[in-house]
Structures are given as structure tokens and as C-alpha cells.
file work-v7.cif (mmCIF, N, CA and C atoms)
data_run
#
loop_
_atom_site.label_atom_id
_atom_site.label_comp_id
_atom_site.auth_asym_id
_atom_site.auth_seq_id
_atom_site.Cartn_x
_atom_site.Cartn_y
_atom_site.Cartn_z
N MET A 170 0.85 -1.17 0.00
CA MET A 170 0.00 0.00 0.00
C MET A 170 0.90 1.24 0.00
N SER A 171 0.53 2.23 -0.78
CA SER A 171 1.36 3.43 -0.87
C SER A 171 1.03 4.43 0.24
N ARG A 172 2.01 5.25 0.52
CA ARG A 172 1.86 6.30 1.52
C ARG A 172 1.65 7.63 0.80
N THR A 173 0.77 8.46 1.37
CA THR A 173 0.57 9.81 0.88
C THR A 173 0.92 10.77 2.01
N ILE A 174 1.79 11.71 1.72
CA ILE A 174 2.17 12.71 2.71
C ILE A 174 1.15 13.84 2.67
N ILE A 175 0.64 14.20 3.83
CA ILE A 175 -0.37 15.26 3.96
C ILE A 175 0.32 16.52 4.46
N SER A 176 0.01 17.62 3.81
CA SER A 176 0.60 18.90 4.20
C SER A 176 -0.40 20.02 3.93
N THR A 177 -0.49 20.97 4.84
CA THR A 177 -1.36 22.12 4.68
C THR A 177 -0.72 23.35 5.31
N THR A 178 -0.96 24.49 4.72
CA THR A 178 -0.49 25.75 5.30
C THR A 178 -1.42 26.23 6.40
N ASN A 179 -2.55 25.54 6.61
CA ASN A 179 -3.50 25.91 7.66
C ASN A 179 -3.12 25.35 9.02
N ALA A 180 -2.01 24.63 9.06
CA ALA A 180 -1.45 24.13 10.33
C ALA A 180 0.04 24.45 10.29
N PRO A 181 0.69 24.47 11.45
CA PRO A 181 2.12 24.81 11.48
C PRO A 181 2.95 23.87 10.61
N ALA A 182 3.92 24.43 9.94
CA ALA A 182 4.86 23.62 9.17
C ALA A 182 5.63 22.72 10.12
N ALA A 183 6.04 21.57 9.63
CA ALA A 183 6.84 20.66 10.44
C ALA A 183 8.11 21.36 10.90
N ILE A 184 8.45 21.20 12.17
CA ILE A 184 9.65 21.84 12.73
C ILE A 184 10.76 20.82 12.95
N GLY A 185 10.69 19.74 12.23
CA GLY A 185 11.69 18.68 12.35
C GLY A 185 11.58 17.73 11.18
N THR A 186 12.13 16.57 11.36
CA THR A 186 12.16 15.56 10.30
C THR A 186 10.91 14.68 10.36
N TYR A 187 9.77 15.27 10.06
CA TYR A 187 8.50 14.55 10.06
C TYR A 187 7.53 15.25 9.13
N SER A 188 6.43 14.58 8.82
CA SER A 188 5.34 15.14 8.02
C SER A 188 4.19 15.50 8.94
N GLN A 189 3.34 16.42 8.51
CA GLN A 189 2.17 16.76 9.32
C GLN A 189 1.28 15.54 9.52
N ALA A 190 1.18 14.73 8.48
CA ALA A 190 0.42 13.48 8.56
C ALA A 190 0.84 12.58 7.41
N VAL A 191 0.57 11.30 7.60
CA VAL A 191 0.83 10.30 6.56
C VAL A 191 -0.44 9.46 6.43
N LYS A 192 -0.90 9.31 5.17
CA LYS A 192 -2.10 8.53 4.89
C LYS A 192 -1.69 7.22 4.22
N VAL A 193 -2.18 6.12 4.77
CA VAL A 193 -1.97 4.80 4.19
C VAL A 193 -3.35 4.16 4.09
N GLY A 194 -3.82 3.97 2.86
CA GLY A 194 -5.18 3.46 2.68
C GLY A 194 -6.17 4.46 3.24
N ASP A 195 -7.07 3.99 4.10
CA ASP A 195 -8.06 4.86 4.74
C ASP A 195 -7.61 5.39 6.09
N THR A 196 -6.38 5.08 6.49
CA THR A 196 -5.88 5.47 7.80
C THR A 196 -4.92 6.65 7.66
N VAL A 197 -5.11 7.65 8.52
CA VAL A 197 -4.26 8.84 8.53
C VAL A 197 -3.63 8.95 9.91
N TYR A 198 -2.31 9.05 9.93
CA TYR A 198 -1.57 9.20 11.17
C TYR A 198 -1.18 10.66 11.30
N LEU A 199 -1.77 11.35 12.29
CA LEU A 199 -1.51 12.77 12.52
C LEU A 199 -0.31 12.93 13.44
N SER A 200 0.66 13.71 13.01
CA SER A 200 1.80 14.02 13.88
C SER A 200 1.33 14.94 15.01
N GLY A 201 2.13 14.99 16.05
CA GLY A 201 1.81 15.84 17.18
C GLY A 201 1.71 17.29 16.77
N GLN A 202 0.70 17.96 17.31
CA GLN A 202 0.49 19.38 17.08
C GLN A 202 0.64 20.12 18.40
N LEU A 203 1.34 21.23 18.32
CA LEU A 203 1.51 22.14 19.46
C LEU A 203 0.60 23.34 19.26
N GLY A 204 0.63 24.25 20.20
CA GLY A 204 -0.16 25.47 20.12
C GLY A 204 0.49 26.55 19.29
N LEU A 205 1.06 26.17 18.17
CA LEU A 205 1.71 27.14 17.28
C LEU A 205 0.69 27.72 16.31
N ASP A 206 0.73 29.03 16.15
CA ASP A 206 -0.08 29.71 15.15
C ASP A 206 0.57 29.43 13.79
N PRO A 207 -0.17 28.85 12.83
CA PRO A 207 0.45 28.50 11.55
C PRO A 207 0.92 29.72 10.75
N ALA A 208 0.32 30.88 10.96
CA ALA A 208 0.71 32.08 10.21
C ALA A 208 2.03 32.65 10.69
N THR A 209 2.27 32.58 12.00
CA THR A 209 3.47 33.21 12.57
C THR A 209 4.50 32.20 13.06
N MET A 210 4.07 30.94 13.23
CA MET A 210 4.90 29.88 13.82
C MET A 210 5.34 30.24 15.24
N GLU A 211 4.57 31.10 15.91
CA GLU A 211 4.79 31.46 17.30
C GLU A 211 3.78 30.73 18.17
N MET A 212 4.20 30.38 19.40
CA MET A 212 3.32 29.72 20.35
C MET A 212 2.28 30.73 20.86
N VAL A 213 1.01 30.33 20.87
CA VAL A 213 -0.01 31.19 21.44
C VAL A 213 0.16 31.19 22.96
N GLU A 214 -0.37 32.22 23.62
CA GLU A 214 -0.14 32.40 25.05
C GLU A 214 -1.17 31.67 25.91
N GLY A 215 -0.69 30.94 26.89
CA GLY A 215 -1.56 30.32 27.88
C GLY A 215 -2.09 28.96 27.48
N VAL A 216 -2.37 28.15 28.47
CA VAL A 216 -2.80 26.78 28.22
C VAL A 216 -4.14 26.72 27.52
N ASP A 217 -5.09 27.59 27.88
CA ASP A 217 -6.40 27.56 27.24
C ASP A 217 -6.28 27.84 25.74
N ALA A 218 -5.53 28.86 25.37
CA ALA A 218 -5.33 29.20 23.96
C ALA A 218 -4.56 28.11 23.24
N GLN A 219 -3.60 27.50 23.92
CA GLN A 219 -2.83 26.42 23.28
C GLN A 219 -3.70 25.21 23.01
N ILE A 220 -4.58 24.86 23.93
CA ILE A 220 -5.47 23.72 23.73
C ILE A 220 -6.35 23.95 22.49
N VAL A 221 -6.94 25.13 22.39
CA VAL A 221 -7.79 25.45 21.24
C VAL A 221 -6.97 25.43 19.95
N ARG A 222 -5.77 26.01 19.99
CA ARG A 222 -4.93 26.06 18.79
C ARG A 222 -4.53 24.65 18.35
N VAL A 223 -4.24 23.77 19.31
CA VAL A 223 -3.89 22.39 18.99
C VAL A 223 -5.06 21.71 18.28
N PHE A 224 -6.27 21.85 18.81
CA PHE A 224 -7.43 21.24 18.16
C PHE A 224 -7.64 21.83 16.77
N ASP A 225 -7.47 23.15 16.63
CA ASP A 225 -7.62 23.78 15.31
C ASP A 225 -6.57 23.26 14.33
N ASN A 226 -5.35 23.06 14.81
CA ASN A 226 -4.28 22.53 13.96
C ASN A 226 -4.58 21.09 13.54
N LEU A 227 -5.02 20.27 14.48
CA LEU A 227 -5.39 18.88 14.14
C LEU A 227 -6.53 18.86 13.12
N LYS A 228 -7.51 19.73 13.33
CA LYS A 228 -8.65 19.82 12.41
C LYS A 228 -8.17 20.17 11.00
N ALA A 229 -7.26 21.13 10.89
CA ALA A 229 -6.75 21.55 9.58
C ALA A 229 -6.04 20.41 8.86
N VAL A 230 -5.24 19.65 9.59
CA VAL A 230 -4.52 18.53 8.97
C VAL A 230 -5.50 17.41 8.60
N ALA A 231 -6.47 17.15 9.47
CA ALA A 231 -7.48 16.13 9.15
C ALA A 231 -8.23 16.50 7.87
N GLU A 232 -8.58 17.77 7.74
CA GLU A 232 -9.30 18.22 6.54
C GLU A 232 -8.41 18.14 5.31
N ALA A 233 -7.13 18.45 5.45
CA ALA A 233 -6.20 18.34 4.33
C ALA A 233 -6.08 16.89 3.86
N ALA A 234 -6.31 15.96 4.77
CA ALA A 234 -6.25 14.53 4.44
C ALA A 234 -7.56 14.02 3.85
N GLY A 235 -8.58 14.88 3.81
CA GLY A 235 -9.87 14.47 3.28
C GLY A 235 -10.84 13.98 4.34
N GLY A 236 -10.53 14.26 5.60
CA GLY A 236 -11.39 13.82 6.69
C GLY A 236 -11.82 14.98 7.57
N THR A 237 -12.33 14.63 8.73
CA THR A 237 -12.71 15.61 9.75
C THR A 237 -12.31 15.04 11.11
N LEU A 238 -12.49 15.84 12.13
CA LEU A 238 -12.20 15.33 13.48
C LEU A 238 -13.15 14.20 13.87
N ALA A 239 -14.29 14.12 13.21
CA ALA A 239 -15.23 13.01 13.48
C ALA A 239 -14.63 11.67 13.06
N ASP A 240 -13.60 11.69 12.22
CA ASP A 240 -12.94 10.47 11.77
C ASP A 240 -11.83 10.01 12.71
N VAL A 241 -11.53 10.79 13.75
CA VAL A 241 -10.47 10.42 14.68
C VAL A 241 -10.92 9.21 15.49
N VAL A 242 -10.09 8.16 15.48
CA VAL A 242 -10.39 6.96 16.26
C VAL A 242 -9.51 6.87 17.50
N LYS A 243 -8.37 7.58 17.51
CA LYS A 243 -7.45 7.55 18.65
C LYS A 243 -6.82 8.92 18.78
N LEU A 244 -6.83 9.46 19.98
CA LEU A 244 -6.23 10.76 20.28
C LEU A 244 -5.30 10.59 21.48
N ASN A 245 -4.10 11.11 21.34
CA ASN A 245 -3.14 11.11 22.45
C ASN A 245 -2.92 12.55 22.87
N VAL A 246 -3.01 12.80 24.16
CA VAL A 246 -2.85 14.14 24.72
C VAL A 246 -1.65 14.13 25.65
N TYR A 247 -0.73 15.06 25.44
CA TYR A 247 0.46 15.18 26.27
C TYR A 247 0.39 16.53 26.98
N LEU A 248 0.44 16.50 28.30
CA LEU A 248 0.31 17.72 29.10
C LEU A 248 1.49 17.88 30.04
N ILE A 249 1.98 19.11 30.12
CA ILE A 249 3.02 19.44 31.10
C ILE A 249 2.44 19.34 32.51
N ASP A 250 1.17 19.72 32.66
CA ASP A 250 0.49 19.72 33.96
C ASP A 250 -0.84 18.99 33.80
N LEU A 251 -0.94 17.79 34.36
CA LEU A 251 -2.18 17.02 34.26
C LEU A 251 -3.35 17.70 34.95
N GLY A 252 -3.07 18.73 35.73
CA GLY A 252 -4.13 19.54 36.33
C GLY A 252 -4.95 20.26 35.27
N ASN A 253 -4.44 20.34 34.05
CA ASN A 253 -5.17 20.99 32.95
C ASN A 253 -6.02 20.01 32.15
N PHE A 254 -6.11 18.78 32.62
CA PHE A 254 -6.87 17.75 31.90
C PHE A 254 -8.34 18.14 31.75
N ALA A 255 -8.94 18.74 32.77
CA ALA A 255 -10.35 19.17 32.69
C ALA A 255 -10.53 20.23 31.60
N LYS A 256 -9.53 21.07 31.40
CA LYS A 256 -9.60 22.08 30.34
C LYS A 256 -9.59 21.41 28.96
N VAL A 257 -8.81 20.36 28.82
CA VAL A 257 -8.80 19.61 27.56
C VAL A 257 -10.17 19.00 27.32
N ASN A 258 -10.76 18.40 28.34
CA ASN A 258 -12.09 17.81 28.22
C ASN A 258 -13.12 18.85 27.79
N ALA A 259 -13.08 20.02 28.43
CA ALA A 259 -14.04 21.08 28.11
C ALA A 259 -13.89 21.53 26.66
N ALA A 260 -12.66 21.74 26.23
CA ALA A 260 -12.42 22.18 24.85
C ALA A 260 -12.77 21.08 23.86
N MET A 261 -12.47 19.84 24.22
CA MET A 261 -12.73 18.71 23.33
C MET A 261 -14.21 18.61 22.99
N ALA A 262 -15.07 18.97 23.93
CA ALA A 262 -16.51 18.92 23.70
C ALA A 262 -16.94 19.86 22.58
N ASN A 263 -16.12 20.87 22.28
CA ASN A 263 -16.43 21.80 21.18
C ASN A 263 -15.99 21.27 19.82
N TYR A 264 -15.18 20.22 19.81
CA TYR A 264 -14.63 19.69 18.57
C TYR A 264 -15.09 18.28 18.24
N PHE A 265 -15.56 17.54 19.25
CA PHE A 265 -15.95 16.14 19.07
C PHE A 265 -17.34 15.91 19.63
N SER A 266 -18.04 14.96 19.03
CA SER A 266 -19.31 14.52 19.59
C SER A 266 -19.28 13.00 19.67
N GLU A 267 -20.24 12.43 20.37
CA GLU A 267 -20.28 10.98 20.52
C GLU A 267 -20.51 10.31 19.18
N PRO A 268 -19.93 9.18 18.92
CA PRO A 268 -19.03 8.45 19.80
C PRO A 268 -17.63 9.07 19.78
N TYR A 269 -17.09 9.29 20.95
CA TYR A 269 -15.78 9.91 21.09
C TYR A 269 -14.67 8.93 20.70
N PRO A 270 -13.53 9.47 20.29
CA PRO A 270 -12.40 8.58 19.98
C PRO A 270 -11.81 7.98 21.25
N ALA A 271 -11.07 6.91 21.08
CA ALA A 271 -10.27 6.39 22.19
C ALA A 271 -9.23 7.47 22.49
N ARG A 272 -8.78 7.55 23.74
CA ARG A 272 -7.86 8.63 24.10
C ARG A 272 -6.94 8.21 25.24
N ALA A 273 -5.75 8.77 25.20
CA ALA A 273 -4.81 8.65 26.31
C ALA A 273 -4.39 10.05 26.71
N ALA A 274 -4.17 10.26 27.99
CA ALA A 274 -3.64 11.54 28.49
C ALA A 274 -2.38 11.22 29.27
N ILE A 275 -1.29 11.84 28.88
CA ILE A 275 0.01 11.52 29.44
C ILE A 275 0.66 12.77 29.98
N GLY A 276 1.13 12.72 31.21
CA GLY A 276 1.88 13.82 31.78
C GLY A 276 3.34 13.72 31.35
N VAL A 277 3.89 14.83 30.86
CA VAL A 277 5.27 14.86 30.40
C VAL A 277 6.00 16.01 31.07
N SER A 278 7.32 15.94 31.09
CA SER A 278 8.09 16.99 31.77
C SER A 278 8.38 18.18 30.87
N ALA A 279 8.36 17.98 29.56
CA ALA A 279 8.64 19.10 28.65
C ALA A 279 8.11 18.76 27.26
N LEU A 280 7.80 19.81 26.49
CA LEU A 280 7.38 19.67 25.11
C LEU A 280 8.18 20.63 24.24
N PRO A 281 8.29 20.37 22.95
CA PRO A 281 9.03 21.28 22.08
C PRO A 281 8.49 22.71 22.15
N ARG A 282 9.38 23.65 21.95
CA ARG A 282 9.05 25.08 21.90
C ARG A 282 8.40 25.59 23.18
N GLY A 283 8.57 24.87 24.28
CA GLY A 283 7.97 25.31 25.55
C GLY A 283 6.47 25.13 25.60
N GLY A 284 5.93 24.27 24.74
CA GLY A 284 4.50 24.03 24.71
C GLY A 284 3.97 23.47 26.01
N LEU A 285 2.70 23.73 26.27
CA LEU A 285 2.05 23.22 27.47
C LEU A 285 1.19 22.00 27.18
N VAL A 286 0.86 21.81 25.90
CA VAL A 286 0.03 20.68 25.47
C VAL A 286 0.41 20.31 24.04
N GLU A 287 0.37 19.02 23.76
CA GLU A 287 0.56 18.52 22.41
C GLU A 287 -0.41 17.36 22.23
N MET A 288 -0.90 17.19 21.01
CA MET A 288 -1.79 16.07 20.71
C MET A 288 -1.44 15.49 19.35
N ASP A 289 -1.61 14.17 19.24
CA ASP A 289 -1.51 13.49 17.96
C ASP A 289 -2.69 12.53 17.87
N GLY A 290 -2.89 11.95 16.70
CA GLY A 290 -4.02 11.06 16.59
C GLY A 290 -3.99 10.22 15.34
N VAL A 291 -5.00 9.36 15.23
CA VAL A 291 -5.17 8.47 14.08
C VAL A 291 -6.61 8.64 13.60
N LEU A 292 -6.76 8.84 12.28
CA LEU A 292 -8.07 8.92 11.66
C LEU A 292 -8.29 7.69 10.79
N VAL A 293 -9.53 7.28 10.66
CA VAL A 293 -9.91 6.30 9.66
C VAL A 293 -11.02 6.97 8.85
N ILE A 294 -10.71 7.24 7.58
CA ILE A 294 -11.64 7.97 6.72
C ILE A 294 -12.51 6.96 5.99
N GLY A 295 -13.80 7.19 6.07
CA GLY A 295 -14.74 6.28 5.41
C GLY A 295 -14.96 4.99 6.17
N GLY A 296 -14.49 4.96 7.43
CA GLY A 296 -14.59 3.73 8.20
C GLY A 296 -15.75 3.68 9.11
#
call {"tool": "encode", "arguments": {"input": "work-v7.cif", "output": "C-alpha cells"}}
result
Amino acid sequence: MSRTIISTTNAPAAIGTYSQAVKVGDTVYLSGQLGLDPATMEMVEGVDAQIVRVFDNLKAVAEAAGGTLADVVKLNVYLIDLGNFAKVNAAMANYFSEPYPARAAIGVSALPRGGLVEMDGVLVIGG
């Protein structure tokens, strides 16, 4: 099966040796997204704004792949402070509806660019 590299200017450009997403068949693997504004490549201020920006970035990449956030089957959330988990839940309700994707929330000591939250995921389009 061939791989298709997904790229969009509506999400931050890759800041390393990776693609924004890779599509294999009906499955799309979304790389981790930080709270970077795609226009400026600067981190937005505060955890609340970063959470929203991360979801907006994931949405943009999902759409570039031909899907939507409704196609997400697995979401991984990485937080510097797990005390912000309730904020992720609250924001997630604005982007997802039932049935919700499977999810993991992981506390980490640091993220690239001083980010407070990062998320990656897997979509299945047409599934």
C-alpha cells in the first residue's frame, strides 16, 4: 500500500524531520500538534489558547487529508500539567461529539518550543 504525505499551510509547518500526517489506505496518522499559530509559527499564550490552537491545527490537517475530526479513532494528549486535563475535556466537547475517539492523556516533563500541550491522533476515513 502506498503512503501519501499530507501537508497544509492551515497548520504549522513541520519543525523537524517529520510530516504533518501520513495517509496509508483509509488510515491517517496525525503528527503531534503544538499550540503554534500557523501564520506566525509562534506559540499562542496560555494553556487555554494552546489547547484550542492544537485542536484547530489537528482539524486543519485532518481536513487536508480528506477527513474531519469526526474520523479520529485515537487521540493522544500530552500535558506538562495534568491539572489541565479538565480544560482539555471542556475544549474537546467543542470539537468532538459521541461516539468519542479512544484517548490517552500523558503527563510529560517538557514539550518542544515550551508548549504546554501537544496532541496526535489516528483517523480512519470512510470507516
call {"tool": "closest_residue", "arguments": {"input": "work-v7.cif", "among": "A:Val241, A:Asp217, A:Ala233, A:Ala279", "to": "Ala255 in chain A", "atoms": "only C-alpha atoms"}}
result
A:Asp217
call {"tool": "residues_near_point", "arguments": {"input": "work-v7.cif", "point": "(-0.5, 15.0, 23.0)", "cutoff": "9 Å", "atoms": "only C-alpha atoms", "output": "list in words"}}
result
Gly201, Gln202, Leu203, Leu244, Asn245, Val246, Tyr247, Leu248, Ala273, Ala274, Ile275, Val286, Glu287, Met288, Asp289 and Gly290 of chain A
call {"tool": "resolve_selection", "arguments": {"input": "work-v7.cif", "expression": "the PyMOL selection byres (((chain A and resi 270 and name CA) around 12) and name CA)", "output": "PyMOL selection string"}}
result
chain A and resi 238-245+261-262+264-269+271-273+290-293
call {"tool": "residues_around", "arguments": {"input": "work-v7.cif", "residues": "Ile174 in chain A", "least_positions_apart": "5", "cutoff": "7 Å", "atoms": "all atoms listed in the file", "output": "JSON, numbers by chain"}}
result
{"A": [188, 189, 190, 191, 192]}
call {"tool": "select_by_dssp", "arguments": {"input": "work-v7.cif", "residues": "range 227-271 of chain A", "states": "alpha helix (DSSP H)", "output": "PyMOL selection string"}}
result
chain A and resi 227-233+254-261
call {"tool": "closest_residue", "arguments": {"input": "work-v7.cif", "among": "A:Phe224, A:Tyr187, A:Val213, A:Glu232", "to": "Ser200 in chain A", "atoms": "all atoms listed in the file"}}
result
A:Tyr187
call {"tool": "axis_aligned_box", "arguments": {"input": "work-v7.cif", "around": "range 270-277 of chain A", "padding_each_side": "4 Å", "output": "JSON"}}
result
{"center_x": -3.8, "center_y": 11.2, "center_z": 25.9, "size_x": 27.5, "size_y": 17.6, "size_z": 19.8}
call {"tool": "atom_distance", "arguments": {"input": "work-v7.cif", "atom1": "atom C of Met212 in chain A", "atom2": "atom C of Ala180 in chain A"}}
result
12.5 Å
call {"tool": "atom_distance", "arguments": {"input": "work-v7.cif", "atom1": "atom C of Val221 in chain A", "atom2": "CA of Pro207 in chain A"}}
result
11.6 Å
call {"tool": "atom_distance", "arguments": {"input": "work-v7.cif", "atom1": "atom N of Gly194 in chain A", "atom2": "atom C of Ala234 in chain A"}}
result
10.8 Å
call {"tool": "select_by_dssp", "arguments": {"input": "work-v7.cif", "residues": "range 228-279 of chain A", "states": "strand (DSSP E or B)", "output": "number ranges by chain"}}
result
A: 241-248, 271-276
call {"tool": "residues_near_point", "arguments": {"input": "work-v7.cif", "point": "(2.1, 24.3, 24.8)", "cutoff": "8 Å", "atoms": "all atoms listed in the file", "output": "PyMOL selection string"}}
result
chain A and resi 202-205+212-213+215-216+218-220+249+280-287
call {"tool": "closest_residue", "arguments": {"input": "work-v7.cif", "among": "A:Lys228, A:Gly185, A:Ser171, A:Gly236", "to": "Gly295 in chain A", "atoms": "only C-alpha atoms"}}
result
A:Gly236
call {"tool": "closest_residue", "arguments": {"input": "work-v7.cif", "among": "A:Thr237, A:Ile175, A:Leu251, A:Ala260", "to": "Val277 in chain A", "atoms": "all atoms listed in the file"}}
result
A:Leu251
call {"tool": "build_atoms", "arguments": {"input": "work-v7.cif", "residues": "range 209-231 of chain A", "atoms": "N, CA, C and O atoms", "output": "PDB file, in the frame of the given file"}}
result
ATOM      1  N   THR A 209       2.270  32.580  12.000  1.00  0.00           N
ATOM      2  CA  THR A 209       3.470  33.210  12.570  1.00  0.00           C
ATOM      3  C   THR A 209       4.500  32.200  13.060  1.00  0.00           C
ATOM      4  O   THR A 209       5.646  32.563  13.323  1.00  0.00           O
ATOM      5  N   MET A 210       4.070  30.940  13.230  1.00  0.00           N
ATOM      6  CA  MET A 210       4.900  29.880  13.820  1.00  0.00           C
ATOM      7  C   MET A 210       5.340  30.240  15.240  1.00  0.00           C
ATOM      8  O   MET A 210       6.341  29.746  15.747  1.00  0.00           O
ATOM      9  N   GLU A 211       4.570  31.100  15.910  1.00  0.00           N
ATOM     10  CA  GLU A 211       4.790  31.460  17.300  1.00  0.00           C
ATOM     11  C   GLU A 211       3.780  30.730  18.170  1.00  0.00           C
ATOM     12  O   GLU A 211       2.635  30.502  17.764  1.00  0.00           O
ATOM     13  N   MET A 212       4.200  30.380  19.400  1.00  0.00           N
ATOM     14  CA  MET A 212       3.320  29.720  20.350  1.00  0.00           C
ATOM     15  C   MET A 212       2.280  30.730  20.860  1.00  0.00           C
ATOM     16  O   MET A 212       2.633  31.851  21.213  1.00  0.00           O
ATOM     17  N   VAL A 213       1.010  30.330  20.870  1.00  0.00           N
ATOM     18  CA  VAL A 213      -0.010  31.190  21.440  1.00  0.00           C
ATOM     19  C   VAL A 213       0.160  31.190  22.960  1.00  0.00           C
ATOM     20  O   VAL A 213       0.742  30.260  23.532  1.00  0.00           O
ATOM     21  N   GLU A 214      -0.370  32.220  23.620  1.00  0.00           N
ATOM     22  CA  GLU A 214      -0.140  32.400  25.050  1.00  0.00           C
ATOM     23  C   GLU A 214      -1.170  31.670  25.910  1.00  0.00           C
ATOM     24  O   GLU A 214      -2.369  31.797  25.674  1.00  0.00           O
ATOM     25  N   GLY A 215      -0.690  30.940  26.890  1.00  0.00           N
ATOM     26  CA  GLY A 215      -1.560  30.320  27.880  1.00  0.00           C
ATOM     27  C   GLY A 215      -2.090  28.960  27.480  1.00  0.00           C
ATOM     28  O   GLY A 215      -2.240  28.648  26.295  1.00  0.00           O
ATOM     29  N   VAL A 216      -2.370  28.150  28.470  1.00  0.00           N
ATOM     30  CA  VAL A 216      -2.800  26.780  28.220  1.00  0.00           C
ATOM     31  C   VAL A 216      -4.140  26.720  27.520  1.00  0.00           C
ATOM     32  O   VAL A 216      -4.348  25.899  26.627  1.00  0.00           O
ATOM     33  N   ASP A 217      -5.090  27.590  27.880  1.00  0.00           N
ATOM     34  CA  ASP A 217      -6.400  27.560  27.240  1.00  0.00           C
ATOM     35  C   ASP A 217      -6.280  27.840  25.740  1.00  0.00           C
ATOM     36  O   ASP A 217      -6.864  27.124  24.920  1.00  0.00           O
ATOM     37  N   ALA A 218      -5.530  28.860  25.370  1.00  0.00           N
ATOM     38  CA  ALA A 218      -5.330  29.200  23.960  1.00  0.00           C
ATOM     39  C   ALA A 218      -4.560  28.110  23.240  1.00  0.00           C
ATOM     40  O   ALA A 218      -4.849  27.802  22.071  1.00  0.00           O
ATOM     41  N   GLN A 219      -3.600  27.500  23.920  1.00  0.00           N
ATOM     42  CA  GLN A 219      -2.830  26.420  23.280  1.00  0.00           C
ATOM     43  C   GLN A 219      -3.700  25.210  23.010  1.00  0.00           C
ATOM     44  O   GLN A 219      -3.593  24.574  21.948  1.00  0.00           O
ATOM     45  N   ILE A 220      -4.580  24.860  23.930  1.00  0.00           N
ATOM     46  CA  ILE A 220      -5.470  23.720  23.730  1.00  0.00           C
ATOM     47  C   ILE A 220      -6.350  23.950  22.490  1.00  0.00           C
ATOM     48  O   ILE A 220      -6.465  23.072  21.632  1.00  0.00           O
ATOM     49  N   VAL A 221      -6.940  25.130  22.390  1.00  0.00           N
ATOM     50  CA  VAL A 221      -7.790  25.450  21.240  1.00  0.00           C
ATOM     51  C   VAL A 221      -6.970  25.430  19.950  1.00  0.00           C
ATOM     52  O   VAL A 221      -7.393  24.863  18.947  1.00  0.00           O
ATOM     53  N   ARG A 222      -5.770  26.010  19.990  1.00  0.00           N
ATOM     54  CA  ARG A 222      -4.930  26.060  18.790  1.00  0.00           C
ATOM     55  C   ARG A 222      -4.530  24.650  18.350  1.00  0.00           C
ATOM     56  O   ARG A 222      -4.506  24.347  17.157  1.00  0.00           O
ATOM     57  N   VAL A 223      -4.240  23.770  19.310  1.00  0.00           N
ATOM     58  CA  VAL A 223      -3.890  22.390  18.990  1.00  0.00           C
ATOM     59  C   VAL A 223      -5.060  21.710  18.280  1.00  0.00           C
ATOM     60  O   VAL A 223      -4.876  21.060  17.241  1.00  0.00           O
ATOM     61  N   PHE A 224      -6.270  21.850  18.810  1.00  0.00           N
ATOM     62  CA  PHE A 224      -7.430  21.240  18.160  1.00  0.00           C
ATOM     63  C   PHE A 224      -7.640  21.830  16.770  1.00  0.00           C
ATOM     64  O   PHE A 224      -7.952  21.107  15.818  1.00  0.00           O
ATOM     65  N   ASP A 225      -7.470  23.150  16.630  1.00  0.00           N
ATOM     66  CA  ASP A 225      -7.620  23.780  15.310  1.00  0.00           C
ATOM     67  C   ASP A 225      -6.570  23.260  14.330  1.00  0.00           C
ATOM     68  O   ASP A 225      -6.859  23.025  13.154  1.00  0.00           O
ATOM     69  N   ASN A 226      -5.350  23.060  14.810  1.00  0.00           N
ATOM     70  CA  ASN A 226      -4.280  22.530  13.960  1.00  0.00           C
ATOM     71  C   ASN A 226      -4.580  21.090  13.540  1.00  0.00           C
ATOM     72  O   ASN A 226      -4.413  20.727  12.369  1.00  0.00           O
ATOM     73  N   LEU A 227      -5.020  20.270  14.480  1.00  0.00           N
ATOM     74  CA  LEU A 227      -5.390  18.880  14.140  1.00  0.00           C
ATOM     75  C   LEU A 227      -6.530  18.860  13.120  1.00  0.00           C
ATOM     76  O   LEU A 227      -6.515  18.072  12.177  1.00  0.00           O
ATOM     77  N   LYS A 228      -7.510  19.730  13.330  1.00  0.00           N
ATOM     78  CA  LYS A 228      -8.650  19.820  12.410  1.00  0.00           C
ATOM     79  C   LYS A 228      -8.170  20.170  11.000  1.00  0.00           C
ATOM     80  O   LYS A 228      -8.619  19.575  10.016  1.00  0.00           O
ATOM     81  N   ALA A 229      -7.260  21.130  10.890  1.00  0.00           N
ATOM     82  CA  ALA A 229      -6.750  21.550   9.580  1.00  0.00           C
ATOM     83  C   ALA A 229      -6.040  20.410   8.860  1.00  0.00           C
ATOM     84  O   ALA A 229      -6.223  20.203   7.653  1.00  0.00           O
ATOM     85  N   VAL A 230      -5.240  19.650   9.590  1.00  0.00           N
ATOM     86  CA  VAL A 230      -4.520  18.530   8.970  1.00  0.00           C
ATOM     87  C   VAL A 230      -5.500  17.410   8.600  1.00  0.00           C
ATOM     88  O   VAL A 230      -5.387  16.826   7.522  1.00  0.00           O
ATOM     89  N   ALA A 231      -6.470  17.150   9.470  1.00  0.00           N
ATOM     90  CA  ALA A 231      -7.480  16.130   9.150  1.00  0.00           C
ATOM     91  C   ALA A 231      -8.230  16.500   7.870  1.00  0.00           C
ATOM     92  O   ALA A 231      -8.455  15.648   7.001  1.00  0.00           O
TER      93      ALA A 231
END
